[in-house]
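*Asks:* Before I ask anything, let me first share the structure, which is written out below as structure tokens.
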2 protein chains.
Amino acid sequence: MSCDTDSVAVLRRAEMKLTPQRLMVLSALRHAQGHLTAAEIFEQVRAAYPYVDISTIYRTLTALRTMRLVTETDMGSGDLAYEWVQERPHHHLICSGCHRVLELDHGYLERLGDDLARDLDFEADLHHFAIFGRCAACRPAAAPAASPGL
Amino acid sequence: MSCDTDSVAVLRRAEMKLTPQRLMVLSALRHAQGHLTAAEIFEQVRAAYPYVDISTIYRTLTALRTMRLVTETDMGSGDLAYEWVQERPHHHLICSGCHRVLELDHGYLERLGDDLARDLDFEADLHHFAIFGRCAACRPAAAPAASPGL
DNA sequence: ATCGCAACTGCAATCAGTTGCACAAGCGGA
DNA sequence: TCCGCTTGTGCAACTGATTGCAGTTGCGAT
């Protein structure tokens, strides 16, 4: 079964109309190694379909997100990061100092999700989190605890 | 010690210049019951100081966030929510169905923070998280597990 | 009190993302 | 194959947030 056939099946299952624009957005996302911004998706789709509008890209991404086929995450870069939902969720740690992005295994959020479900009957969307903070290299030595908060 | 004196002390400690605009932004935040949007802060400050510009509000909020005096959170409403940092962090669960906002005790994120520090030497900023998902009332009965992801 | 410097601000332009509207197109039913 | 209806799209305007620039101002040093 080819990728395009998969895309068709995905849209059918989601009861969304098959349009050339959507098929190309799906293709861009599914073939990507990692995250894409809306602008990157737009560029790729436009290469093959010059009539497409950026608002269509956003609408398609929003629809896919609603269908839980795509994650949308603010990675702190200024625009949102989109990614085809993977079988096992993963997350990122993002250092506010050096801006390095580390991948974080789902196990760390999995227990949080279990706790929220058990204690509060809340089904959290924990597909793709970005957690900001500071890595060891960027923390001041002997960080003073005088500041408010942590 | 009055609130204004506190604000002066806060800015001095942060080595930021004392400007009328900043003192008013601080005042708005510290007197707020809960979160405020940038537009709300702007309206309050402008009532007393008509010359202020919205870009100054954003710059001040960014500076305060950098100093960890204010939290900035995307609560999904369309604009960002700002709040004076409290002694004990708190978080929110936000239902994607009914848009109800529940307050979440820090204990749920505290362990996550501890794990990240211990295992990955990463000091996470876990002051004010918004976790999206679905409450019991909005989940379809017997939610099918066929969809990708959770 | 004055001066000079660096930080700060207002303004206008810009950007990423959203939305209303009118027209186009996908597709189910006949 | 055709038709009609509903969904989808392109366009332009809009919104929340950001940024470059020139002028203003807070404040430390004298």
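Each chain in the structure tokens gets a letter, A, B and so on, in the order shown; residues start at 1 in every chain, and ligands are counted from 1 in the order they appear.
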Could you list, as a ChimeraX atom specification, every residue of chain C that has an atom within 10 Å of an atom of chain B, counting only C-alpha atoms (C1' of nucleotides)?
*Replies:* /C:7-11,18
*Asks:* Would you mind listing what lies within 9 Å of A:Met24 as a ChimeraX atom specification, with only C-alpha atoms (C1' of nucleotides) counted and same-chain residues fewer than 6 positions away left out?
*Replies:* /A:41,44-45,48-49
*Asks:* At most 9 Å is the cut-off: for each residue in stretch 6-26 of chain C with any atom that close to an atom of stretch 6-20 of chain D, write down the nearest atom pair and the distance in Å rounded to one decimal, counting only C-alpha atoms (C1' of nucleotides), chain first then increasing number, as JSON lines.
*Replies:*
{"residue": "C:DA13", "atom": "C1'", "partner": "D:DG20", "partner_atom": "C1'", "distance": 8.5}
{"residue": "C:DT14", "atom": "C1'", "partner": "D:DT19", "partner_atom": "C1'", "distance": 7.6}
{"residue": "C:DC15", "atom": "C1'", "partner": "D:DT18", "partner_atom": "C1'", "distance": 7.4}
{"residue": "C:DA16", "atom": "C1'", "partner": "D:DA17", "partner_atom": "C1'", "distance": 8.9}
{"residue": "C:DG17", "atom": "C1'", "partner": "D:DT15", "partner_atom": "C1'", "distance": 8.6}
{"residue": "C:DT18", "atom": "C1'", "partner": "D:DT15", "partner_atom": "C1'", "distance": 7.4}
{"residue": "C:DT19", "atom": "C1'", "partner": "D:DC14", "partner_atom": "C1'", "distance": 7.5}
{"residue": "C:DG20", "atom": "C1'", "partner": "D:DA13", "partner_atom": "C1'", "distance": 8.7}
{"residue": "C:DC23", "atom": "C1'", "partner": "D:DT9", "partner_atom": "C1'", "distance": 8.8}
{"residue": "C:DA24", "atom": "C1'", "partner": "D:DT9", "partner_atom": "C1'", "distance": 7.2}
{"residue": "C:DA25", "atom": "C1'", "partner": "D:DG8", "partner_atom": "C1'", "distance": 7.4}
{"residue": "C:DG26", "atom": "C1'", "partner": "D:DT7", "partner_atom": "C1'", "distance": 7.9}
*Asks:* Now that the selection is made, can you save its residues with C-alpha atoms (C1' of nucleotides) as a PDB file, in the first residue's frame?
*Replies:*
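Now in again37.pdb:
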ATOM      1  C1'  DA C  13       6.262  48.188  10.051  1.00  0.00           C
ATOM      2  C1'  DT C  14       6.330  43.398  10.259  1.00  0.00           C
ATOM      3  C1'  DC C  15       5.219  38.569  11.244  1.00  0.00           C
ATOM      4  C1'  DA C  16       2.749  34.164  12.279  1.00  0.00           C
ATOM      5  C1'  DG C  17      -1.602  32.774  12.486  1.00  0.00           C
ATOM      6  C1'  DT C  18      -6.851  33.542  11.952  1.00  0.00           C
ATOM      7  C1'  DT C  19     -11.221  34.634   9.817  1.00  0.00           C
ATOM      8  C1'  DG C  20     -15.159  36.487   6.810  1.00  0.00           C
ATOM      9  C1'  DC C  23     -16.627  31.406  -5.323  1.00  0.00           C
ATOM     10  C1'  DA C  24     -14.825  26.637  -6.408  1.00  0.00           C
ATOM     11  C1'  DA C  25     -14.860  21.900  -5.998  1.00  0.00           C
ATOM     12  C1'  DG C  26     -15.615  17.125  -3.949  1.00  0.00           C
TER      13       DG C  26
END
*Asks:* I'd like to know which residues of stretch 24-92 of chain A are alpha helix (DSSP H) (by DSSP, run on the backbone); could you write them as a PyMOL selection string?
*Replies:* chain A and resi 24-31+38-48+54-66
*Asks:* Excluding stretch 123-135 of chain A and its own-chain neighbours fewer than 4 positions away, which residues fall within 8 Å of it when counting only C-alpha atoms (C1' of nucleotides)? Please give them as a count of residues only.
*Replies:* 34
*Asks:* In stretch 5-146 of chain A, what's strand (DSSP E or B) per DSSP? Answer as JSON, numbers by chain?
*Replies:* {"A": [36, 70, 71, 72, 73, 74, 80, 81, 82, 83, 84, 90, 91, 92, 93, 94, 95, 101, 102, 103, 104, 105, 123, 124, 130, 131, 132, 133, 134]}
*Asks:* Measuring atom to atom with only C-alpha atoms (C1' of nucleotides), identify which of A:Arg111, A:Arg22, A:Arg13, A:His35 is nearest to chain D.
*Replies:* A:Arg22
*Asks:* Within 9 Å of A:Leu23, counting only C-alpha atoms (C1' of nucleotides), which residues qualify if same-chain residues fewer than 6 places away don't, as a PyMOL selection string?
*Replies:* chain A and resi 4+7-8+11
*Asks:* How far is it from atom CA of A:Arg88 to atom CA of B:Leu80, in Å with one decimal?
*Replies:*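 One can read the atom CA of A:Arg88 to atom CA of B:Leu80 distance as 29.5 Å.
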*Asks:* Can you tell me, as JSON, numbers by chain, what residues are no more than 10 Å from stretch 2-5 of chain D when counting only C-alpha atoms (C1' of nucleotides), ignoring any on the same chain fewer than 5 positions away?
*Replies:* {"C": [27, 28, 29, 30]}
*Asks:* Create the file for the chosen residues now, containing N, CA, C and O atoms (P, O5', C5', C4', C3', O3' and C1' of nucleotides) and written as an mmCIF file, in the first residue's frame.
*Replies:*
data_model
loop_
_atom_site.group_PDB
_atom_site.id
_atom_site.type_symbol
_atom_site.label_atom_id
_atom_site.label_comp_id
_atom_site.auth_asym_id
_atom_site.auth_seq_id
_atom_site.Cartn_x
_atom_site.Cartn_y
_atom_site.Cartn_z
ATOM 1 P P DC C 27 -13.784 13.581 -2.677
ATOM 2 O "O5'" DC C 27 -15.336 13.259 -2.734
ATOM 3 C "C5'" DC C 27 -16.178 13.730 -1.689
ATOM 4 C "C4'" DC C 27 -17.618 13.411 -2.013
ATOM 5 C "C3'" DC C 27 -17.816 12.069 -2.730
ATOM 6 O "O3'" DC C 27 -18.994 11.467 -2.212
ATOM 7 C "C1'" DC C 27 -18.861 13.744 -3.932
ATOM 8 P P DG C 28 -18.961 10.069 -1.547
ATOM 9 O "O5'" DG C 28 -20.467 9.896 -1.044
ATOM 10 C "C5'" DG C 28 -21.072 10.970 -0.312
ATOM 11 C "C4'" DG C 28 -22.510 11.129 -0.734
ATOM 12 C "C3'" DG C 28 -23.234 9.823 -1.081
ATOM 13 O "O3'" DG C 28 -24.562 9.925 -0.580
ATOM 14 C "C1'" DG C 28 -23.263 11.257 -2.964
ATOM 15 P P DG C 29 -25.533 8.670 -0.632
ATOM 16 O "O5'" DG C 29 -26.673 9.122 -1.644
ATOM 17 C "C5'" DG C 29 -27.243 10.422 -1.519
ATOM 18 C "C4'" DG C 29 -28.083 10.732 -2.734
ATOM 19 C "C3'" DG C 29 -28.922 9.564 -3.239
ATOM 20 O "O3'" DG C 29 -30.208 10.064 -3.590
ATOM 21 C "C1'" DG C 29 -27.550 10.368 -4.990
ATOM 22 P P DA C 30 -31.383 9.095 -3.933
ATOM 23 O "O5'" DA C 30 -31.757 9.492 -5.429
ATOM 24 C "C5'" DA C 30 -31.887 10.875 -5.769
ATOM 25 C "C4'" DA C 30 -31.898 11.050 -7.272
ATOM 26 C "C3'" DA C 30 -32.727 10.012 -8.019
ATOM 27 O "O3'" DA C 30 -33.472 10.667 -9.049
ATOM 28 C "C1'" DA C 30 -30.534 10.028 -8.880
#
